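> The structure file final_38.tsv (TSV, C-alpha atoms and all ligand atoms) is provided below.
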```tsv
chain	number	residue	atom	x	y	z
A	8	MET	CA	-57.50	-30.89	56.75
A	9	SER	CA	-54.46	-32.06	54.80
A	10	ILE	CA	-54.89	-32.90	51.15
A	11	GLY	CA	-51.46	-34.23	50.25
A	12	LYS	CA	-50.37	-37.72	51.32
A	13	PHE	CA	-47.58	-38.58	53.71
A	14	ILE	CA	-45.49	-41.61	52.75
A	15	THR	CA	-42.58	-42.94	54.82
A	16	PHE	CA	-39.81	-45.38	53.94
A	17	GLU	CA	-38.46	-47.49	56.79
A	18	GLY	CA	-36.00	-50.35	57.31
A	19	GLY	CA	-32.44	-51.14	58.23
A	20	GLU	CA	-29.35	-49.67	56.65
A	21	GLY	CA	-28.26	-50.52	53.10
A	22	ALA	CA	-31.75	-51.36	51.85
A	23	GLY	CA	-31.87	-48.81	49.04
A	24	LYS	CA	-34.53	-46.50	50.51
A	25	THR	CA	-32.96	-43.30	49.24
A	26	THR	CA	-32.78	-44.44	45.60
A	27	GLN	CA	-36.36	-45.68	45.72
A	28	ALA	CA	-37.60	-42.42	47.25
A	29	GLU	CA	-36.15	-40.63	44.22
A	30	LEU	CA	-37.80	-43.09	41.79
A	31	LEU	CA	-41.17	-42.77	43.52
A	32	SER	CA	-40.97	-39.02	43.54
A	33	ASN	CA	-40.26	-39.04	39.77
A	34	ALA	CA	-43.19	-41.39	39.10
A	35	LEU	CA	-45.60	-39.21	41.07
A	36	GLU	CA	-44.35	-36.00	39.44
A	37	LYS	CA	-44.92	-37.59	36.02
A	38	ALA	CA	-48.49	-38.25	37.11
A	39	GLY	CA	-48.86	-34.52	37.85
A	40	ILE	CA	-48.49	-34.78	41.62
A	41	GLU	CA	-46.17	-32.35	43.35
A	42	THR	CA	-43.81	-34.13	45.76
A	43	LEU	CA	-41.35	-33.27	48.48
A	44	GLN	CA	-38.54	-35.63	49.45
A	45	THR	CA	-37.20	-35.35	52.95
A	46	ARG	CA	-35.47	-37.42	55.62
A	47	GLU	CA	-35.17	-38.06	59.34
A	48	PRO	CA	-33.52	-37.14	61.49
A	49	GLY	CA	-33.47	-33.87	59.54
A	50	GLY	CA	-35.50	-32.09	56.91
A	51	THR	CA	-35.47	-28.61	58.43
A	52	PHE	CA	-32.62	-26.32	59.48
A	53	GLY	CA	-33.13	-27.11	63.17
A	54	ALA	CA	-33.66	-30.83	62.65
A	55	GLU	CA	-30.52	-31.10	60.48
A	56	ALA	CA	-28.54	-29.47	63.32
A	57	ILE	CA	-29.94	-32.09	65.70
A	58	ARG	CA	-29.05	-34.79	63.14
A	59	ASP	CA	-25.39	-33.78	63.33
A	60	LEU	CA	-25.50	-34.01	67.12
A	61	VAL	CA	-27.14	-37.40	67.16
A	62	LEU	CA	-25.34	-39.19	64.32
A	63	GLU	CA	-21.77	-38.15	65.07
A	64	GLY	CA	-19.52	-39.43	67.82
A	65	THR	CA	-19.28	-42.73	69.63
A	66	SER	CA	-22.29	-44.94	70.34
A	67	ASP	CA	-22.22	-44.05	74.05
A	68	ARG	CA	-22.38	-40.31	73.41
A	69	TRP	CA	-26.04	-40.13	74.40
A	70	SER	CA	-28.14	-42.18	76.80
A	71	GLY	CA	-31.06	-44.03	75.22
A	72	MET	CA	-33.63	-41.55	76.49
A	73	THR	CA	-31.57	-38.49	75.48
A	74	GLU	CA	-31.23	-39.92	72.00
A	75	LEU	CA	-34.97	-40.57	71.82
A	76	LEU	CA	-35.78	-37.01	72.90
A	77	LEU	CA	-33.37	-35.60	70.32
A	78	MET	CA	-35.08	-37.69	67.63
A	79	TYR	CA	-38.51	-36.43	68.66
A	80	ALA	CA	-37.32	-32.81	68.97
A	81	ALA	CA	-36.06	-33.06	65.39
A	82	ARG	CA	-39.27	-34.80	64.32
A	83	LEU	CA	-41.59	-32.18	65.78
A	84	ASP	CA	-39.69	-29.35	64.07
A	85	HIS	CA	-39.85	-31.33	60.83
A	86	ILE	CA	-43.61	-31.91	61.16
A	87	GLU	CA	-44.48	-28.35	62.16
A	88	LYS	CA	-42.28	-26.48	59.69
A	89	LEU	CA	-42.09	-28.75	56.66
A	90	ILE	CA	-44.41	-31.77	56.56
A	91	LYS	CA	-47.74	-30.31	57.65
A	92	PRO	CA	-47.42	-27.08	55.61
A	93	ALA	CA	-46.55	-29.14	52.49
A	94	LEU	CA	-49.49	-31.53	53.00
A	95	ALA	CA	-51.78	-28.53	53.43
A	96	ARG	CA	-50.64	-27.25	50.00
A	97	GLY	CA	-51.54	-30.63	48.47
A	98	VAL	CA	-47.93	-31.81	48.16
A	99	TRP	CA	-47.18	-35.52	48.67
A	100	VAL	CA	-44.35	-35.86	51.17
A	101	ILE	CA	-41.94	-38.81	51.03
A	102	SER	CA	-39.76	-39.16	54.11
A	103	ASP	CA	-36.71	-41.41	54.27
A	104	ARG	CA	-37.41	-42.69	57.84
A	105	PHE	CA	-39.90	-41.43	60.43
A	106	ALA	CA	-41.29	-42.51	63.82
A	107	ASP	CA	-41.09	-46.30	63.24
A	108	SER	CA	-37.29	-45.86	63.23
A	109	SER	CA	-37.47	-44.51	66.79
A	110	MET	CA	-39.44	-47.55	67.93
A	111	ALA	CA	-37.12	-49.99	66.13
A	112	TYR	CA	-33.76	-48.33	66.89
A	113	GLN	CA	-34.22	-46.62	70.25
A	114	GLY	CA	-37.08	-48.77	71.58
A	115	HIS	CA	-35.75	-52.19	70.62
A	116	ALA	CA	-32.25	-52.35	69.07
A	117	ARG	CA	-30.73	-49.84	71.49
A	118	GLY	CA	-32.70	-51.34	74.34
A	119	LEU	CA	-34.61	-48.37	75.76
A	120	GLY	CA	-37.89	-50.28	75.84
A	121	PRO	CA	-41.01	-49.81	73.69
A	122	HIS	CA	-43.10	-48.30	76.51
A	123	HIS	CA	-40.79	-45.26	76.77
A	124	VAL	CA	-40.99	-44.70	73.03
A	125	LYS	CA	-44.78	-45.02	73.06
A	126	ALA	CA	-45.07	-42.50	75.90
A	127	VAL	CA	-42.93	-39.88	74.14
A	128	HIS	CA	-44.58	-40.63	70.80
A	129	GLU	CA	-48.08	-40.05	72.15
A	130	ALA	CA	-47.07	-36.86	73.96
A	131	VAL	CA	-45.47	-35.36	70.84
A	132	MET	CA	-47.45	-36.63	67.87
A	133	GLU	CA	-51.08	-35.99	68.80
A	134	GLY	CA	-52.26	-38.74	66.46
A	135	PHE	CA	-50.32	-37.56	63.39
A	136	GLU	CA	-49.11	-40.53	61.31
A	137	PRO	CA	-48.13	-41.47	57.76
A	138	ASP	CA	-50.84	-42.44	55.26
A	139	LEU	CA	-48.57	-45.22	54.02
A	140	THR	CA	-45.28	-46.72	55.20
A	141	ILE	CA	-43.11	-48.89	52.98
A	142	LEU	CA	-40.93	-51.24	55.02
A	143	PHE	CA	-37.75	-52.29	53.18
A	144	ASP	CA	-37.03	-55.72	54.62
A	145	MET	CA	-33.67	-57.41	54.06
A	146	ASP	CA	-31.38	-59.99	55.67
A	147	PRO	CA	-28.92	-57.88	57.72
A	148	VAL	CA	-25.90	-59.84	56.42
A	149	ILE	CA	-26.75	-58.87	52.84
A	150	ALA	CA	-27.52	-55.29	53.88
A	151	GLN	CA	-24.17	-54.93	55.65
A	152	LYS	CA	-22.33	-56.16	52.53
A	153	ARG	CA	-24.15	-53.56	50.46
A	154	VAL	CA	-23.13	-50.76	52.82
A	155	GLU	CA	-19.49	-51.98	52.73
A	156	ILE	CA	-19.47	-52.21	48.93
A	157	ARG	CA	-20.78	-48.64	48.68
A	158	GLY	CA	-17.81	-47.65	50.88
A	159	GLU	CA	-19.97	-45.14	52.74
A	160	ASN	CA	-18.84	-43.34	55.86
A	161	LEU	CA	-20.08	-45.39	58.74
A	162	THR	CA	-22.25	-43.35	61.09
A	163	ARG	CA	-22.22	-44.52	64.67
A	164	PHE	CA	-25.36	-46.52	63.89
A	165	ASP	CA	-23.83	-48.51	61.02
A	166	ALA	CA	-20.97	-49.57	63.27
A	167	GLU	CA	-23.33	-51.58	65.50
A	168	ASN	CA	-22.95	-55.37	65.31
A	169	LEU	CA	-24.98	-58.00	63.51
A	170	GLU	CA	-27.10	-58.89	66.56
A	171	PHE	CA	-28.22	-55.28	66.70
A	172	HIS	CA	-29.33	-55.42	63.06
A	173	LYS	CA	-31.21	-58.69	63.61
A	174	THR	CA	-33.10	-57.15	66.54
A	175	LEU	CA	-33.81	-54.14	64.37
A	176	ARG	CA	-35.23	-56.26	61.57
A	177	LYS	CA	-37.54	-58.11	63.95
A	178	ALA	CA	-38.70	-54.83	65.50
A	179	PHE	CA	-39.66	-53.41	62.08
A	180	LEU	CA	-41.45	-56.63	61.10
A	181	ASP	CA	-43.41	-56.53	64.38
A	182	ILE	CA	-44.42	-52.92	63.69
A	183	ALA	CA	-45.66	-54.03	60.25
A	184	LYS	CA	-47.68	-56.86	61.80
A	185	GLU	CA	-49.27	-54.49	64.31
A	186	ASN	CA	-50.13	-51.89	61.65
A	187	PRO	CA	-51.30	-53.83	58.56
A	188	GLN	CA	-53.42	-50.93	57.28
A	189	ARG	CA	-50.51	-48.48	57.25
A	190	VAL	CA	-47.36	-50.57	56.69
A	191	HIS	CA	-46.58	-52.46	53.48
A	192	THR	CA	-43.49	-54.71	53.61
A	193	ILE	CA	-41.38	-55.30	50.52
A	194	ASP	CA	-38.39	-57.56	49.92
A	195	ALA	CA	-35.57	-55.05	49.51
A	196	ASP	CA	-33.23	-57.72	48.11
A	197	ASP	CA	-35.19	-57.83	44.83
A	198	THR	CA	-33.82	-55.93	41.85
A	199	ARG	CA	-34.21	-52.17	41.80
A	200	ALA	CA	-36.95	-52.42	39.15
A	201	GLU	CA	-38.86	-55.08	41.09
A	202	VAL	CA	-38.68	-53.05	44.28
A	203	GLN	CA	-39.92	-49.99	42.41
A	204	ASN	CA	-42.84	-51.95	40.94
A	205	ASN	CA	-43.77	-53.34	44.35
A	206	ILE	CA	-43.81	-49.84	45.82
A	207	LEU	CA	-46.03	-48.54	43.00
A	208	PHE	CA	-48.33	-51.53	43.50
A	209	ALA	CA	-48.64	-50.73	47.22
A	210	LEU	CA	-49.38	-47.12	46.36
A	211	THR	CA	-52.14	-47.85	43.88
A	212	LYS	CA	-53.68	-50.31	46.33
A	213	LYS	CA	-53.71	-47.64	49.03
A	214	PHE	CA	-54.65	-44.74	46.73
A	215	PRO	CA	-56.84	-46.25	43.98
A	216	ASP	CA	-57.04	-42.90	42.14
A	217	LEU	CA	-53.40	-43.44	41.11
A	218	ALA	CA	-54.20	-46.63	39.16
A	219	GLY	CA	-53.03	-46.28	35.55
A	220	LYS	CA	-51.20	-43.02	36.30
A	221	VAL	CA	-47.97	-44.20	37.93
A	222	GLY	CA	-47.12	-47.28	35.90
A	223	ALA	CA	-48.60	-49.96	38.17
B	1	LIG	P1	-28.73	-42.35	57.64
B	1	LIG	O1	-27.30	-42.20	57.25
B	1	LIG	O2	-29.74	-41.44	57.06
B	1	LIG	O3	-29.13	-43.88	57.48
B	1	LIG	P2	-30.05	-44.60	56.43
B	1	LIG	O4	-29.50	-44.31	55.09
B	1	LIG	O5	-29.94	-46.02	56.83
B	1	LIG	O6	-31.45	-44.06	56.64
B	1	LIG	O7	-28.75	-42.25	59.22
B	1	LIG	C1	-29.88	-42.21	59.95
B	1	LIG	C2	-29.64	-43.07	61.18
B	1	LIG	O8	-30.48	-42.62	62.24
B	1	LIG	C3	-29.99	-44.52	60.95
B	1	LIG	O9	-28.95	-45.32	61.43
B	1	LIG	C4	-31.21	-44.75	61.79
B	1	LIG	C5	-31.11	-43.70	62.85
B	1	LIG	N1	-32.42	-43.27	63.40
B	1	LIG	C6	-32.76	-43.60	64.70
B	1	LIG	O10	-32.00	-44.28	65.41
B	1	LIG	N2	-33.96	-43.19	65.21
B	1	LIG	C7	-34.84	-42.43	64.48
B	1	LIG	O11	-35.93	-42.07	64.97
B	1	LIG	C8	-34.46	-42.08	63.13
B	1	LIG	C9	-35.39	-41.27	62.28
B	1	LIG	C10	-33.25	-42.52	62.64
```
Just give me the structure of the file as structure tokens.


Amino acid sequence: MSIGKFITFEGGEGAGKTTQAELLSNALEKAGIETLQTREPGGTFGAEAIRDLVLEGTSDRWSGMTELLLMYAARLDHIEKLIKPALARGVWVISDRFADSSMAYQGHARGLGPHHVKAVHEAVMEGFEPDLTILFDMDPVIAQKRVEIRGENLTRFDAENLEFHKTLRKAFLDIAKENPQRVHTIDADDTRAEVQNNILFALTKKFPDLAGKVGA
């Protein structure tokens, strides 16, 4: 039985997930809760090696199914070696992306088809899922501008066109609709402080014991 909580941040690129993961981690630590921040693909030595394989190179480097299997290979290593052991110690784990990204990116935006993703997901995950997922929703045009302004290195995913990002957004919103108990959608175009408040609000709603301890 795990005693920590598993929280995932999902959404398109340029939505500010990484900054907010840091802010949430700080808020929980202040409330006396030990946290672990991690990311996907990645988080363990093996999964970070797979990350390099999957994020570098041209967009046709891998077929859709190969890419999906690489994502799930990385994910399983991450779950077995980092996430589950941390939860068992009572640590709250915050992951920048998790399985919803596979459904949205590989299943929909990259066109593999949701049924393939579901099949692999069920075979690998054995019912393991986040306690809470925060979906950072934003108009892709605004998100793309943010990424450009930050002048970040474009991974082969960022280089995809606007249509791709629109499909991605819809896929994430559909996941949220199908999983209202687990997924909480926030407007990622709000100010940093507003977004942070909305995340803390979602957390205290989901975990009422936190009320009054994390500033929301
Ligand atoms: P990253 O630079 O971490 O992007 P971001 O800051 O937007 O999270 O790169 C991760 C990329 O991997 C991102 O474009 C989404 C993609 N991805 C998938 O396609 N499938 C997955 O299952 C995961 C976890 C990520």

> Between A:Met110, A:Val100, A:Val61, A:Leu77, which has the minimum distance to Ala183 of chain A (counting only C-alpha atoms)?

A:Met110

> With a distance cut-off of 7 Å and only C-alpha atoms, select the neighbouring residues of segment 13-27 of chain A, excluding the residue or stretch itself and same-chain residues fewer than 2 positions from it, and output the selection as a PDB file with C-alpha atoms, in the frame of the given file.


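Listed below is the output, out-v8.pdb:
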```
ATOM      1  CA  GLY A  11     -51.460 -34.230  50.250  1.00  0.00           C
ATOM      2  CA  GLU A  29     -36.150 -40.630  44.220  1.00  0.00           C
ATOM      3  CA  LEU A  30     -37.800 -43.090  41.790  1.00  0.00           C
ATOM      4  CA  LEU A  31     -41.170 -42.770  43.520  1.00  0.00           C
ATOM      5  CA  TRP A  99     -47.180 -35.520  48.670  1.00  0.00           C
ATOM      6  CA  VAL A 100     -44.350 -35.860  51.170  1.00  0.00           C
ATOM      7  CA  ILE A 101     -41.940 -38.810  51.030  1.00  0.00           C
ATOM      8  CA  SER A 102     -39.760 -39.160  54.110  1.00  0.00           C
ATOM      9  CA  ASP A 103     -36.710 -41.410  54.270  1.00  0.00           C
ATOM     10  CA  ARG A 104     -37.410 -42.690  57.840  1.00  0.00           C
ATOM     11  CA  PHE A 105     -39.900 -41.430  60.430  1.00  0.00           C
ATOM     12  CA  SER A 108     -37.290 -45.860  63.230  1.00  0.00           C
ATOM     13  CA  PRO A 137     -48.130 -41.470  57.760  1.00  0.00           C
ATOM     14  CA  ASP A 138     -50.840 -42.440  55.260  1.00  0.00           C
ATOM     15  CA  LEU A 139     -48.570 -45.220  54.020  1.00  0.00           C
ATOM     16  CA  THR A 140     -45.280 -46.720  55.200  1.00  0.00           C
ATOM     17  CA  ILE A 141     -43.110 -48.890  52.980  1.00  0.00           C
ATOM     18  CA  LEU A 142     -40.930 -51.240  55.020  1.00  0.00           C
ATOM     19  CA  PHE A 143     -37.750 -52.290  53.180  1.00  0.00           C
ATOM     20  CA  ASP A 144     -37.030 -55.720  54.620  1.00  0.00           C
ATOM     21  CA  MET A 145     -33.670 -57.410  54.060  1.00  0.00           C
ATOM     22  CA  ALA A 150     -27.520 -55.290  53.880  1.00  0.00           C
ATOM     23  CA  GLN A 151     -24.170 -54.930  55.650  1.00  0.00           C
ATOM     24  CA  ARG A 153     -24.150 -53.560  50.460  1.00  0.00           C
ATOM     25  CA  VAL A 154     -23.130 -50.760  52.820  1.00  0.00           C
ATOM     26  CA  LEU A 175     -33.810 -54.140  64.370  1.00  0.00           C
ATOM     27  CA  ARG A 176     -35.230 -56.260  61.570  1.00  0.00           C
ATOM     28  CA  PHE A 179     -39.660 -53.410  62.080  1.00  0.00           C
ATOM     29  CA  ALA A 195     -35.570 -55.050  49.510  1.00  0.00           C
ATOM     30  CA  GLN A 203     -39.920 -49.990  42.410  1.00  0.00           C
TER      31      GLN A 203
END
```

> If I take atom CA of Ala93 of chain A and atom CA of Glu41 of chain A, how far is one from the other in Å, to one decimal?

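Result for atom CA of Ala93 of chain A versus atom CA of Glu41 of chain A: 9.7 Å, one decimal.
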
> Given the choices A:Ala34, A:Val98, A:Val127, A:Ala200, which gets closest to ligand LIG 1 (chain B) if the distance is worked out from only C-alpha atoms and all ligand atoms?

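Going through A:Ala34, A:Val98, A:Val127, A:Ala200 one by one, the smallest distance to ligand LIG 1 (chain B) is for A:Val127.
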
> Could you check which residues have any atom within 12 Å of (-54.7, -44.2, 46.7), counting only C-alpha atoms with coordinates taken straight from the file, and then list them as a ChimeraX atom specification?

/A:11-14,35,99,138-139,207-221,223

> Taking all atoms listed in the file into account, name the residue in A:Ile10, A:Ala54, A:Ala130, A:Ile182 that is nearest to Lys88 of chain A.

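Answer, going by the shortest atom-to-atom distance: A:Ala54.
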
> Report the distance between atom CA of Leu75 of chain A and atom CA of Ile206 of chain A in Å, rounded to one decimal place.

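Straight-line distance from atom CA of Leu75 of chain A to atom CA of Ile206 of chain A works out to 29.0 Å.
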